>>> print(open('protein_6.txt').read())   # compact mmCIF, C-alpha atoms
# COMPACT_ATOMS: atom_id res chain seq x y z
CA MET A 169 40.70 -14.27 21.35
CA GLY A 170 43.15 -11.63 22.61
CA MET A 171 40.52 -10.10 24.92
CA ASN A 172 39.91 -10.24 28.64
CA SER A 173 37.53 -12.92 29.90
CA VAL A 174 34.78 -11.95 32.34
CA PRO A 175 33.25 -14.74 34.46
CA LEU A 176 29.46 -14.97 34.23
CA LYS A 177 29.19 -14.46 38.01
CA ASP A 178 30.85 -11.04 37.63
CA LEU A 179 28.20 -9.66 35.26
CA THR A 180 26.00 -7.12 37.05
CA PRO A 181 22.47 -6.17 35.88
CA ASP A 182 22.09 -2.58 34.58
CA ASN A 183 25.81 -2.26 33.83
CA PHE A 184 26.97 -1.06 30.42
CA TYR A 185 30.35 -2.08 28.99
CA ASN A 186 32.28 0.63 27.15
CA ALA A 187 33.32 -1.83 24.41
CA PRO A 188 31.52 -4.72 22.69
CA VAL A 189 31.10 -7.92 24.72
CA PHE A 190 31.56 -11.19 22.81
CA LEU A 191 30.19 -14.64 23.55
CA ASP A 192 32.80 -16.14 21.22
CA GLU A 193 34.76 -15.02 18.14
CA GLY A 194 31.69 -14.71 15.93
CA TYR A 195 28.89 -13.54 18.22
CA ILE A 196 28.59 -10.02 19.67
CA LEU A 197 26.56 -10.35 22.83
CA LEU A 198 26.35 -6.70 23.92
CA THR A 199 27.24 -3.33 22.41
CA PRO A 200 27.94 -0.18 24.46
CA GLU A 201 24.31 0.85 23.84
CA THR A 202 22.90 -2.27 25.51
CA PRO A 203 22.89 -3.01 29.27
CA VAL A 204 23.42 -6.32 31.02
CA THR A 205 20.10 -7.72 32.29
CA ASN A 206 19.01 -10.54 34.56
CA SER A 207 17.37 -12.31 31.62
CA LEU A 208 20.69 -12.35 29.74
CA ILE A 209 22.60 -13.71 32.74
CA ASN A 210 19.96 -16.39 33.35
CA ARG A 211 19.89 -17.39 29.70
CA MET A 212 23.67 -17.75 29.55
CA ALA A 213 23.55 -19.92 32.65
CA GLU A 214 20.94 -22.12 30.98
CA TRP A 215 23.19 -22.37 27.92
CA GLU A 216 26.07 -23.33 30.28
CA PHE A 217 28.30 -20.43 29.21
CA ARG A 218 30.66 -19.50 32.02
CA GLN A 219 32.42 -16.41 30.63
CA VAL A 220 32.31 -13.60 28.07
CA PHE A 221 35.09 -11.64 26.37
CA THR A 222 35.68 -7.91 26.01
CA ASP A 223 38.36 -5.22 25.69
CA GLY A 224 36.22 -2.90 27.79
CA TYR A 225 35.15 -2.51 31.38
CA PRO A 226 31.74 -2.09 33.06
CA VAL A 227 30.22 1.32 33.73
CA ASP A 228 27.42 1.30 36.29
CA VAL A 229 24.72 3.77 35.24
CA GLY A 230 22.00 2.21 37.40
CA ALA A 231 18.45 2.14 36.15
CA SER A 232 18.32 5.78 35.06
CA THR A 233 19.12 5.11 31.39
CA ILE A 234 16.62 2.32 30.79
CA GLU A 235 13.80 2.14 33.30
CA GLU A 236 12.16 -1.26 33.22
CA ALA A 237 8.46 -1.61 33.90
CA GLY A 238 7.64 -4.28 36.44
CA ASP A 239 9.43 -7.52 35.58
CA GLU A 240 9.90 -6.58 31.91
CA GLU A 241 13.46 -6.66 30.67
CA ILE A 242 15.21 -5.91 27.42
CA GLU A 243 15.43 -8.94 25.16
CA GLU A 244 19.10 -9.61 24.35
CA SER A 245 18.70 -12.44 21.84
CA LYS A 246 19.17 -10.05 18.91
CA PRO A 247 22.21 -7.80 19.63
CA ILE A 248 21.96 -4.37 18.06
CA THR A 249 24.93 -2.59 16.51
CA SER A 250 25.83 1.00 17.26
CA GLN A 251 24.97 1.90 13.66
CA SER A 252 21.37 0.98 14.43
CA ALA A 253 21.39 3.51 17.24
CA GLY A 254 21.06 6.44 14.87
CA ASP A 255 24.63 7.29 13.87
CA ARG A 256 24.32 11.06 13.43
CA GLU A 257 27.15 11.31 10.90
CA ASN A 258 25.59 8.69 8.61
CA LEU A 259 22.16 10.26 9.02
CA ASP A 260 23.54 13.68 8.01
CA LYS A 261 25.29 12.24 4.95
CA VAL A 262 22.14 10.47 3.78
CA ALA A 263 20.13 13.66 4.41
CA GLN A 264 22.51 15.57 2.13
CA PHE A 265 22.16 12.94 -0.58
CA TYR A 266 18.37 13.03 -0.23
CA GLU A 267 18.34 16.81 -0.67
CA GLN A 268 20.51 16.49 -3.79
CA PHE A 269 18.22 13.85 -5.27
CA LEU A 270 15.19 16.01 -4.48
CA LYS A 271 16.77 18.92 -6.34
CA TYR A 272 17.57 16.64 -9.26
CA VAL A 273 13.96 15.44 -9.56
CA GLU A 274 12.82 19.06 -9.39
CA LEU A 275 15.18 19.72 -12.31
CA VAL A 276 13.71 16.75 -14.22
CA TYR A 277 10.20 18.19 -13.93
CA THR A 278 11.34 21.75 -14.66
CA ARG A 279 13.32 20.65 -17.70
CA TYR A 280 10.30 18.83 -19.10
CA VAL A 281 8.02 21.83 -18.55
CA THR A 282 10.46 24.34 -20.05
CA LYS A 283 12.29 22.27 -22.68
CA ASN A 284 10.03 19.25 -23.28
CA GLU A 285 13.02 17.07 -22.36
CA ILE A 286 13.46 13.95 -20.17
CA ILE A 287 16.78 12.10 -20.40
CA LEU A 288 16.23 8.41 -19.65
CA LYS A 289 19.91 7.42 -19.33
CA GLU A 290 20.68 10.25 -16.93
CA LEU A 291 17.61 9.51 -14.81
CA SER A 292 18.39 5.79 -14.73
CA ASP A 293 21.94 6.50 -13.52
CA LYS A 294 20.62 8.76 -10.74
CA VAL A 295 18.09 6.13 -9.68
CA LYS A 296 20.82 3.45 -9.67
CA THR A 297 22.77 5.59 -7.18
CA LEU A 298 19.60 6.00 -5.12
CA CYS A 299 19.14 2.21 -5.09
CA ASP A 300 22.70 1.80 -3.82
CA VAL A 301 22.21 4.39 -1.08
CA ILE A 302 18.93 2.79 0.03
CA GLY A 303 20.54 -0.65 0.03
CA GLU A 304 23.25 0.55 2.42
CA ASN A 305 21.28 3.12 4.44
CA ARG A 306 17.63 2.09 4.39
CA ARG A 307 16.99 2.89 8.04
CA TYR A 308 18.42 6.38 7.69
CA ILE A 309 16.62 7.40 4.52
CA LEU A 310 13.29 6.18 5.92
CA ARG A 311 13.84 8.34 9.01
CA ILE A 312 14.50 11.31 6.75
CA LEU A 313 11.26 10.60 4.90
CA SER A 314 9.37 10.59 8.19
CA ALA A 315 10.70 14.05 9.06
CA GLY A 316 8.33 15.63 6.54
CA THR A 317 8.43 18.14 3.70
CA THR A 318 11.78 19.41 2.41
CA SER A 319 10.63 21.04 -0.83
CA SER A 320 7.87 23.56 -1.42
CA ASN A 321 6.89 21.68 -4.59
CA TYR A 322 4.36 19.04 -3.53
CA LEU A 323 4.64 17.12 -6.80
CA VAL A 324 8.42 16.75 -6.44
CA ASN A 325 8.18 15.83 -2.77
CA HIS A 326 5.55 13.20 -3.45
CA SER A 327 7.47 11.73 -6.41
CA VAL A 328 10.71 11.39 -4.42
CA ARG A 329 9.06 9.95 -1.32
CA THR A 330 7.14 7.47 -3.47
CA THR A 331 10.33 6.51 -5.29
CA VAL A 332 12.22 5.78 -2.07
CA LEU A 333 9.37 3.70 -0.69
CA ALA A 334 8.90 1.83 -3.97
CA ILE A 335 12.59 0.87 -4.09
CA VAL A 336 12.45 -0.29 -0.46
CA LEU A 337 9.45 -2.50 -1.26
CA GLY A 338 10.95 -3.68 -4.54
CA SER A 339 14.09 -4.75 -2.65
CA HIS A 340 11.96 -6.66 -0.15
CA LEU A 341 10.16 -8.37 -3.05
CA ARG A 342 13.58 -9.41 -4.43
CA LEU A 343 13.35 -7.56 -7.73
CA PRO A 344 16.66 -7.89 -9.63
CA PRO A 345 18.81 -4.72 -9.86
CA HIS A 346 17.78 -3.73 -13.40
CA ARG A 347 14.09 -4.00 -12.55
CA LEU A 348 14.61 -2.09 -9.30
CA ILE A 349 16.11 0.78 -11.32
CA GLU A 350 13.22 0.61 -13.79
CA LEU A 351 10.75 0.71 -10.88
CA GLY A 352 12.56 3.75 -9.49
CA VAL A 353 12.39 5.56 -12.83
CA ALA A 354 8.69 4.72 -13.08
CA SER A 355 8.12 6.07 -9.56
CA VAL A 356 9.92 9.36 -10.25
CA LEU A 357 7.73 9.91 -13.32
CA HIS A 358 4.41 8.35 -12.29
CA GLU A 359 2.86 11.80 -11.80
CA ILE A 360 4.47 13.49 -14.83
CA GLY A 361 1.04 13.86 -16.46
CA MET A 362 0.12 16.36 -13.72
CA VAL A 363 2.29 19.04 -15.32
CA ARG A 364 -0.09 19.08 -18.29
CA LEU A 365 -2.89 20.21 -15.93
CA PRO A 366 -3.39 23.68 -14.46
CA PRO A 367 -1.07 24.00 -11.39
CA GLN A 368 -3.95 25.21 -9.23
CA LEU A 369 -5.39 21.67 -9.42
CA TYR A 370 -2.45 19.75 -7.91
CA MET A 371 -1.08 22.63 -5.80
CA ALA A 372 -4.44 23.74 -4.42
CA GLY A 373 -4.40 24.81 -0.78
CA ARG A 374 -7.96 23.56 -0.37
CA GLN A 375 -10.18 20.59 -1.07
CA LEU A 376 -10.95 20.25 -4.76
CA THR A 377 -14.46 20.49 -6.16
CA ASP A 378 -16.04 17.45 -7.83
CA THR A 379 -15.33 18.95 -11.25
CA GLU A 380 -11.68 19.59 -10.35
CA ARG A 381 -11.26 16.07 -8.99
CA HIS A 382 -12.63 14.70 -12.26
CA SER A 383 -10.09 16.79 -14.17
CA ILE A 384 -7.26 15.33 -12.06
CA THR A 385 -8.20 11.81 -13.19
CA ALA A 386 -6.81 12.63 -16.64
CA HIS A 387 -3.21 12.68 -15.40
CA PRO A 388 -2.48 8.92 -15.78
CA ILE A 389 -3.36 9.02 -19.50
CA LEU A 390 -1.42 12.26 -19.96
CA GLY A 391 1.59 10.72 -18.22
CA TYR A 392 1.43 7.57 -20.32
CA ASN A 393 1.34 9.61 -23.53
CA ILE A 394 4.31 11.71 -22.41
CA LEU A 395 6.47 8.69 -21.60
CA LYS A 396 5.41 6.77 -24.69
CA GLU A 397 6.30 9.80 -26.83
CA LYS A 398 9.74 9.93 -25.16
CA GLN A 399 10.20 6.21 -25.93
CA PHE A 400 10.42 5.09 -22.33
CA PRO A 401 10.14 1.32 -21.70
CA LEU A 402 6.57 0.06 -21.81
CA ALA A 403 6.74 -1.05 -18.14
CA VAL A 404 7.55 2.54 -17.10
CA SER A 405 4.84 4.04 -19.30
CA LEU A 406 2.24 1.57 -17.98
CA SER A 407 3.15 2.50 -14.41
CA ALA A 408 2.10 6.09 -15.07
CA LEU A 409 -1.10 4.84 -16.73
CA GLU A 410 -2.08 2.27 -14.09
CA HIS A 411 -0.96 3.57 -10.68
CA HIS A 412 -4.56 4.54 -9.81
CA GLU A 413 -6.00 1.18 -10.87
CA ARG A 414 -7.18 -1.01 -7.97
CA MET A 415 -7.14 -4.77 -7.48
CA ASN A 416 -10.94 -4.86 -7.13
CA GLY A 417 -11.44 -3.03 -10.44
CA ALA A 418 -12.62 0.19 -8.77
CA GLY A 419 -9.73 2.35 -9.99
CA TYR A 420 -9.14 4.46 -13.09
CA PRO A 421 -8.66 5.17 -15.97
CA ARG A 422 -9.46 1.69 -17.36
CA GLY A 423 -10.98 -0.14 -14.39
CA LEU A 424 -8.39 -2.93 -14.54
CA SER A 425 -8.33 -5.57 -11.80
CA GLY A 426 -5.98 -8.17 -10.31
CA ASP A 427 -3.07 -9.41 -12.41
CA LYS A 428 -4.15 -7.23 -15.34
CA ILE A 429 -2.46 -4.36 -13.48
CA SER A 430 1.30 -4.26 -14.07
CA VAL A 431 3.62 -5.16 -11.17
CA TYR A 432 5.27 -1.72 -10.94
CA ALA A 433 1.87 -0.04 -10.90
CA ARG A 434 0.71 -2.30 -8.06
CA ILE A 435 3.77 -1.34 -5.99
CA ILE A 436 3.42 2.36 -6.79
CA ALA A 437 -0.30 2.24 -5.95
CA VAL A 438 0.51 1.16 -2.39
CA VAL A 439 3.39 3.56 -1.72
CA CYS A 440 1.58 6.41 -3.49
CA SER A 441 -1.45 5.87 -1.24
CA TYR A 442 0.72 5.53 1.87
CA ASP A 443 2.48 8.81 1.08
CA ALA A 444 -0.84 10.49 0.31
CA VAL A 445 -1.88 9.70 3.89
CA THR A 446 1.42 10.33 5.73
CA GLY A 447 2.87 13.14 3.59
CA ALA A 448 1.78 16.75 4.00
CA ARG A 449 -0.26 18.18 1.16
CA PRO A 450 -1.12 21.81 0.40
CA PHE A 451 -4.64 21.33 1.77
CA LYS A 452 -4.05 18.96 4.70
CA GLU A 453 -1.60 18.04 7.42
CA ALA A 454 0.15 14.68 7.37
CA LYS A 455 -1.05 11.77 9.47
CA GLU A 456 1.39 9.90 11.68
CA GLY A 457 2.97 6.85 10.03
CA TYR A 458 1.09 4.43 12.28
CA GLU A 459 -2.27 5.87 11.19
CA GLY A 460 -1.25 5.61 7.55
CA MET A 461 -0.18 2.01 8.01
CA VAL A 462 -3.44 1.11 9.74
CA ASP A 463 -5.42 2.73 6.90
CA LEU A 464 -3.61 0.60 4.33
CA LEU A 465 -3.76 -2.58 6.40
CA LYS A 466 -7.53 -2.31 6.43
CA ASN A 467 -7.29 -2.57 2.62
CA SER A 468 -10.93 -1.59 2.36
CA GLY A 469 -12.58 -3.32 -0.59
CA LYS A 470 -9.36 -5.21 -1.35
CA GLN A 471 -8.00 -2.31 -3.37
CA TYR A 472 -4.32 -3.23 -3.04
CA ASP A 473 -2.15 -6.24 -3.77
CA ASP A 474 -1.83 -8.22 -0.50
CA THR A 475 1.76 -9.19 -1.30
CA VAL A 476 2.74 -5.54 -1.68
CA ILE A 477 0.89 -4.55 1.51
CA LYS A 478 2.79 -7.29 3.36
CA ALA A 479 6.07 -5.99 1.90
CA LEU A 480 5.22 -2.49 3.15
CA VAL A 481 4.54 -3.78 6.67
CA TYR A 482 7.72 -5.86 6.84
CA SER A 483 9.81 -3.06 5.32
CA LEU A 484 8.53 -0.27 7.58
CA SER A 485 6.95 -2.24 10.49
CA ILE A 486 3.49 -1.65 11.94
CA TYR A 487 4.98 1.45 13.56
CA PRO A 488 6.89 2.79 10.52
CA ILE A 489 10.50 3.92 10.79
CA GLY A 490 10.47 7.51 12.02
CA SER A 491 7.29 7.05 14.10
CA TYR A 492 7.25 8.27 17.71
CA VAL A 493 6.01 5.84 20.34
CA LEU A 494 5.40 5.39 24.06
CA LEU A 495 7.00 2.26 25.52
CA THR A 496 5.85 0.04 28.37
CA ASN A 497 8.82 1.29 30.45
CA ALA A 498 7.26 4.80 30.34
CA LYS A 499 9.96 6.11 27.96
CA SER A 500 9.21 7.87 24.68
CA GLY A 501 11.15 6.88 21.59
CA GLN A 502 11.44 6.90 17.82
CA VAL A 503 11.33 3.79 15.64
CA VAL A 504 14.66 3.55 13.80
CA ASP A 505 14.70 0.06 12.29
CA VAL A 506 12.49 -2.93 11.62
CA ASN A 507 12.53 -6.41 13.09
CA PRO A 508 12.56 -8.64 9.97
CA ASP A 509 11.06 -11.51 11.97
CA ASN A 510 8.09 -9.61 13.41
CA PRO A 511 6.88 -6.15 12.26
CA ARG A 512 5.13 -5.61 15.60
CA TYR A 513 8.42 -5.25 17.48
CA PRO A 514 10.74 -2.73 15.78
CA VAL A 515 13.98 -1.20 17.09
CA VAL A 516 13.36 2.01 19.05
CA LEU A 517 15.73 4.88 19.87
CA ILE A 518 15.09 6.25 23.38
CA LEU A 519 14.60 10.02 23.28
CA GLY A 520 16.94 12.01 25.51
CA SER A 521 18.96 8.98 26.63
CA ARG A 522 22.68 8.38 26.09
CA THR A 523 25.05 5.49 26.73
CA PRO A 524 28.20 6.09 28.83
CA ASP A 525 30.23 6.79 25.69
CA GLY A 526 27.75 9.43 24.51
CA LYS A 527 25.85 7.46 21.88
CA GLU A 528 22.08 7.40 21.58
CA THR A 529 20.40 4.57 23.50
CA MET A 530 18.10 2.18 21.73
CA LEU A 531 16.49 -1.18 22.25
CA GLN A 532 14.87 -4.05 20.40
CA THR A 533 11.24 -4.23 21.50
CA SER A 534 9.90 -7.74 22.00
CA GLU A 535 6.89 -9.70 23.14
CA GLN A 536 8.59 -10.78 26.37
CA GLY A 537 10.43 -7.53 27.07
CA ILE A 538 9.72 -3.85 26.59
CA ARG A 539 7.01 -3.22 24.01
CA ILE A 540 5.35 -0.29 22.28
CA LEU A 541 2.33 0.83 24.25
CA ARG A 542 0.92 3.25 21.70
CA PRO A 543 1.93 5.69 18.95
CA MET A 544 2.64 9.35 19.76
CA THR A 545 2.87 12.53 17.74
CA HIS A 546 6.30 14.16 17.48
CA VAL A 547 5.16 17.05 19.67
CA GLU A 548 3.66 14.71 22.27
CA ALA A 549 6.84 12.60 22.38
CA GLU A 550 9.04 15.66 22.95
CA GLU A 551 6.74 17.01 25.66
CA HIS A 552 6.75 13.59 27.33
CA ARG A 553 10.56 13.41 27.19
CA GLN A 554 10.97 16.90 28.67
CA ALA A 555 8.54 16.07 31.46
CA LYS A 556 10.63 13.01 32.32
CA ASP A 557 13.92 14.97 32.40
>>> encode(input="protein_6.txt", output="structure tokens")
Amino acid sequence: MGMNSVPLKDLTPDNFYNAPVFLDEGYILLTPETPVTNSLINRMAEWEFRQVFTDGYPVDVGASTIEEAGDEEIEESKPITSQSAGDRENLDKVAQFYEQFLKYVELVYTRYVTKNEIILKELSDKVKTLCDVIGENRRYILRILSAGTTSSNYLVNHSVRTTVLAIVLGSHLRLPPHRLIELGVASVLHEIGMVRLPPQLYMAGRQLTDTERHSITAHPILGYNILKEKQFPLAVSLSALEHHERMNGAGYPRGLSGDKISVYARIIAVVCSYDAVTGARPFKEAKEGYEGMVDLLKNSGKQYDDTVIKALVYSLSIYPIGSYVLLTNAKSGQVVDVNPDNPRYPVVLILGSRTPDGKETMLQTSEQGIRILRPMTHVEAEEHRQAKD
């Protein structure tokens, strides 16, 4: 292989290697972010492997980087790449793109209000780029979403957050590229009818009165009429009309139920509701992602499509990407990626911890190893980290 071989007997628990460690030519066993553990050594012995290969050397950092609770150890069966550890450069690049897309959507809404103009081809091209960015950088853009408000315009913020989440779910549901773009366009414009209402209704810094809430229910019909007038595809227009319909028939404006509700509208209904809970609004603070996920998982009255709810859980995990959590090893962390095999055990970045080469430390939570004990608020997680330092 062109690398140095390291006998199994020479592996020492709690050591980090400063370069990737390979089991063979095609299998990365450890990255510089992941320590050697007793469970790994024992498992390799059971598999009758006698050596590993690496260009690096061990760095003993003891147990100070990852403190294990009791007999719990990090599960090594799913090696994690350094990119999963929160590559700051990639995160910054995606954050810049997100800001640019946010400004573009603000322009779309402003241009409609001032010039009565929405350019479908231009919007579709922008959404196609967004789909590409999400496909390559899903974990980063979901972390950016979790960071909170970036625009003072609630309607724009909500539309962009909903669009990102809808594309993530649409990808999980295996929608083909052209339909994924169409879903993204529908998500950007699903609230366009709001601009025909007095701004004090959707920008109110207070709870609305019953009369005002009734007035808000006109926006799906207004949005449908706008998009139909602009000759948008029927699927996009119906998404604006039906995103407040519910599977049990308790929604509005037409009281549709089940399969009578269009597919895009069913996806947007879930992500729109999730963002309504987890995104800040003028009259309320945002809930933590875990609380929002629990609210939707309850699916009170069977309002939402179960397939879409399942897609949300597997795309974001029970503890959504960006959530802050307390681990069973007494460390605080932030969820940075999902486990596609089990949404209960996502990948967590350890707050305030670094590997020997200066990268952020993270781990794959698991049933047998370190697990999430409970969710935390951002403030609580930072206070906990500082107390541990």
>>> residues_around(input="protein_6.txt", residues="Glu550 (chain A)", least_positions_apart="4", cutoff="12 Å", atoms="all atoms listed in the file", output="mmCIF file with C-alpha atoms, in the frame of the given file")
data_model
loop_
_atom_site.group_PDB
_atom_site.id
_atom_site.type_symbol
_atom_site.label_atom_id
_atom_site.label_comp_id
_atom_site.auth_asym_id
_atom_site.auth_seq_id
_atom_site.Cartn_x
_atom_site.Cartn_y
_atom_site.Cartn_z
ATOM 1 C CA TYR A 492 7.250 8.270 17.710
ATOM 2 C CA VAL A 493 6.010 5.840 20.340
ATOM 3 C CA LEU A 494 5.400 5.390 24.060
ATOM 4 C CA LYS A 499 9.960 6.110 27.960
ATOM 5 C CA SER A 500 9.210 7.870 24.680
ATOM 6 C CA GLY A 501 11.150 6.880 21.590
ATOM 7 C CA GLN A 502 11.440 6.900 17.820
ATOM 8 C CA ILE A 518 15.090 6.250 23.380
ATOM 9 C CA LEU A 519 14.600 10.020 23.280
ATOM 10 C CA GLY A 520 16.940 12.010 25.510
ATOM 11 C CA MET A 544 2.640 9.350 19.760
ATOM 12 C CA THR A 545 2.870 12.530 17.740
ATOM 13 C CA HIS A 546 6.300 14.160 17.480
ATOM 14 C CA GLN A 554 10.970 16.900 28.670
ATOM 15 C CA ALA A 555 8.540 16.070 31.460
ATOM 16 C CA LYS A 556 10.630 13.010 32.320
ATOM 17 C CA ASP A 557 13.920 14.970 32.400
#
>>> atom_distance(input="protein_6.txt", atom1="CA of Gln268 (chain A)", atom2="CA of Cys299 (chain A)")
14.4 Å
>>> atom_distance(input="protein_6.txt", atom1="CA of Ala433 (chain A)", atom2="CA of Ala354 (chain A)")
8.6 Å
>>> closest_residue(input="protein_6.txt", among="A:Met461, A:Asn305, A:Ser292, A:Glu551", to="Asn258 (chain A)", atoms="only C-alpha atoms")
A:Asn305
>>> closest_residue(input="protein_6.txt", among="A:Leu259, A:Ile486, A:Ala418, A:Ile384", to="Pro366 (chain A)", atoms="all atoms listed in the file")
A:Ile384
>>> closest_residue(input="protein_6.txt", among="A:Pro524, A:Val356, A:Gly537, A:Asn284", to="Asn206 (chain A)", atoms="only C-alpha atoms")
A:Gly537
>>> closest_residue(input="protein_6.txt", among="A:Leu333, A:Ile389, A:Ala403, A:Val295", to="Val353 (chain A)", atoms="all atoms listed in the file")
A:Val295
>>> closest_residue(input="protein_6.txt", among="A:Val363, A:Gly469, A:Val189, A:Gln399", to="Val276 (chain A)", atoms="only C-alpha atoms")
A:Val363
>>> residues_around(input="protein_6.txt", residues="Asp260 (chain A)", least_positions_apart="6", cutoff="10 Å", atoms="only C-alpha atoms", output="list of chain:residue names")
A:Tyr266, A:Tyr308, A:Ile309, A:Ile312
>>> residues_around(input="protein_6.txt", residues="Leu313 (chain A)", least_positions_apart="6", cutoff="9 Å", atoms="all atoms listed in the file", output="PyMOL selection string")
chain A and resi 329+332+447+489-490
>>> closest_residue(input="protein_6.txt", among="A:Val503, A:Ala437, A:Val404, A:Leu179", to="Ala213 (chain A)", atoms="all atoms listed in the file")
A:Leu179
>>> residues_around(input="protein_6.txt", residues="Leu357 (chain A)", least_positions_apart="4", cutoff="8 Å", atoms="only C-alpha atoms", output="list in words")
Ser327, Val353, Gly391 and Ala408 of chain A
>>> atom_distance(input="protein_6.txt", atom1="CA of Leu298 (chain A)", atom2="CA of Thr331 (chain A)")
9.3 Å
>>> residues_around(input="protein_6.txt", residues="Leu337 (chain A)", least_positions_apart="6", cutoff="9 Å", atoms="all atoms listed in the file", output="ChimeraX atom specification")
/A:435,439,476,479-480,482-483
>>> decode(input="protein_6.txt", residues="region 398-414 of chain A", atoms="N, CA and C atoms", output="PDB file, in the first residue's frame")
ATOM      1  N   LYS A 398     -49.465  34.453 -13.600  1.00  0.00           N
ATOM      2  CA  LYS A 398     -48.108  34.534 -14.165  1.00  0.00           C
ATOM      3  C   LYS A 398     -47.749  33.281 -14.956  1.00  0.00           C
ATOM      4  N   GLN A 399     -48.726  32.387 -15.141  1.00  0.00           N
ATOM      5  CA  GLN A 399     -48.566  31.172 -15.947  1.00  0.00           C
ATOM      6  C   GLN A 399     -47.492  30.231 -15.403  1.00  0.00           C
ATOM      7  N   PHE A 400     -47.450  30.121 -14.090  1.00  0.00           N
ATOM      8  CA  PHE A 400     -46.574  29.140 -13.468  1.00  0.00           C
ATOM      9  C   PHE A 400     -47.180  27.753 -13.650  1.00  0.00           C
ATOM     10  N   PRO A 401     -46.359  26.699 -13.601  1.00  0.00           N
ATOM     11  CA  PRO A 401     -46.901  25.335 -13.727  1.00  0.00           C
ATOM     12  C   PRO A 401     -47.987  25.087 -12.689  1.00  0.00           C
ATOM     13  N   LEU A 402     -48.963  24.277 -13.047  1.00  0.00           N
ATOM     14  CA  LEU A 402     -50.085  24.005 -12.157  1.00  0.00           C
ATOM     15  C   LEU A 402     -49.611  23.452 -10.815  1.00  0.00           C
ATOM     16  N   ALA A 403     -48.585  22.572 -10.842  1.00  0.00           N
ATOM     17  CA  ALA A 403     -48.091  21.971  -9.595  1.00  0.00           C
ATOM     18  C   ALA A 403     -47.575  23.038  -8.636  1.00  0.00           C
ATOM     19  N   VAL A 404     -46.948  24.078  -9.165  1.00  0.00           N
ATOM     20  CA  VAL A 404     -46.442  25.175  -8.330  1.00  0.00           C
ATOM     21  C   VAL A 404     -47.600  26.005  -7.796  1.00  0.00           C
ATOM     22  N   SER A 405     -48.545  26.315  -8.640  1.00  0.00           N
ATOM     23  CA  SER A 405     -49.710  27.105  -8.224  1.00  0.00           C
ATOM     24  C   SER A 405     -50.520  26.371  -7.153  1.00  0.00           C
ATOM     25  N   LEU A 406     -50.699  25.049  -7.334  1.00  0.00           N
ATOM     26  CA  LEU A 406     -51.454  24.267  -6.350  1.00  0.00           C
ATOM     27  C   LEU A 406     -50.734  24.199  -5.004  1.00  0.00           C
ATOM     28  N   SER A 407     -49.410  24.262  -5.020  1.00  0.00           N
ATOM     29  CA  SER A 407     -48.654  24.246  -3.768  1.00  0.00           C
ATOM     30  C   SER A 407     -48.981  25.467  -2.914  1.00  0.00           C
ATOM     31  N   ALA A 408     -49.100  26.624  -3.567  1.00  0.00           N
ATOM     32  CA  ALA A 408     -49.481  27.835  -2.846  1.00  0.00           C
ATOM     33  C   ALA A 408     -50.902  27.710  -2.311  1.00  0.00           C
ATOM     34  N   LEU A 409     -51.776  27.094  -3.104  1.00  0.00           N
ATOM     35  CA  LEU A 409     -53.184  26.957  -2.711  1.00  0.00           C
ATOM     36  C   LEU A 409     -53.371  25.956  -1.574  1.00  0.00           C
ATOM     37  N   GLU A 410     -52.568  24.881  -1.560  1.00  0.00           N
ATOM     38  CA  GLU A 410     -52.874  23.737  -0.692  1.00  0.00           C
ATOM     39  C   GLU A 410     -51.920  23.528   0.477  1.00  0.00           C
ATOM     40  N   HIS A 411     -50.951  24.410   0.698  1.00  0.00           N
ATOM     41  CA  HIS A 411     -49.956  24.116   1.729  1.00  0.00           C
ATOM     42  C   HIS A 411     -50.514  24.188   3.153  1.00  0.00           C
ATOM     43  N   HIS A 412     -51.726  24.710   3.323  1.00  0.00           N
ATOM     44  CA  HIS A 412     -52.370  24.684   4.642  1.00  0.00           C
ATOM     45  C   HIS A 412     -53.484  23.635   4.722  1.00  0.00           C
ATOM     46  N   GLU A 413     -53.618  22.810   3.687  1.00  0.00           N
ATOM     47  CA  GLU A 413     -54.533  21.671   3.773  1.00  0.00           C
ATOM     48  C   GLU A 413     -53.902  20.605   4.676  1.00  0.00           C
ATOM     49  N   ARG A 414     -54.714  19.772   5.285  1.00  0.00           N
ATOM     50  CA  ARG A 414     -54.205  18.741   6.197  1.00  0.00           C
ATOM     51  C   ARG A 414     -54.755  17.377   5.803  1.00  0.00           C
TER      52      ARG A 414
END
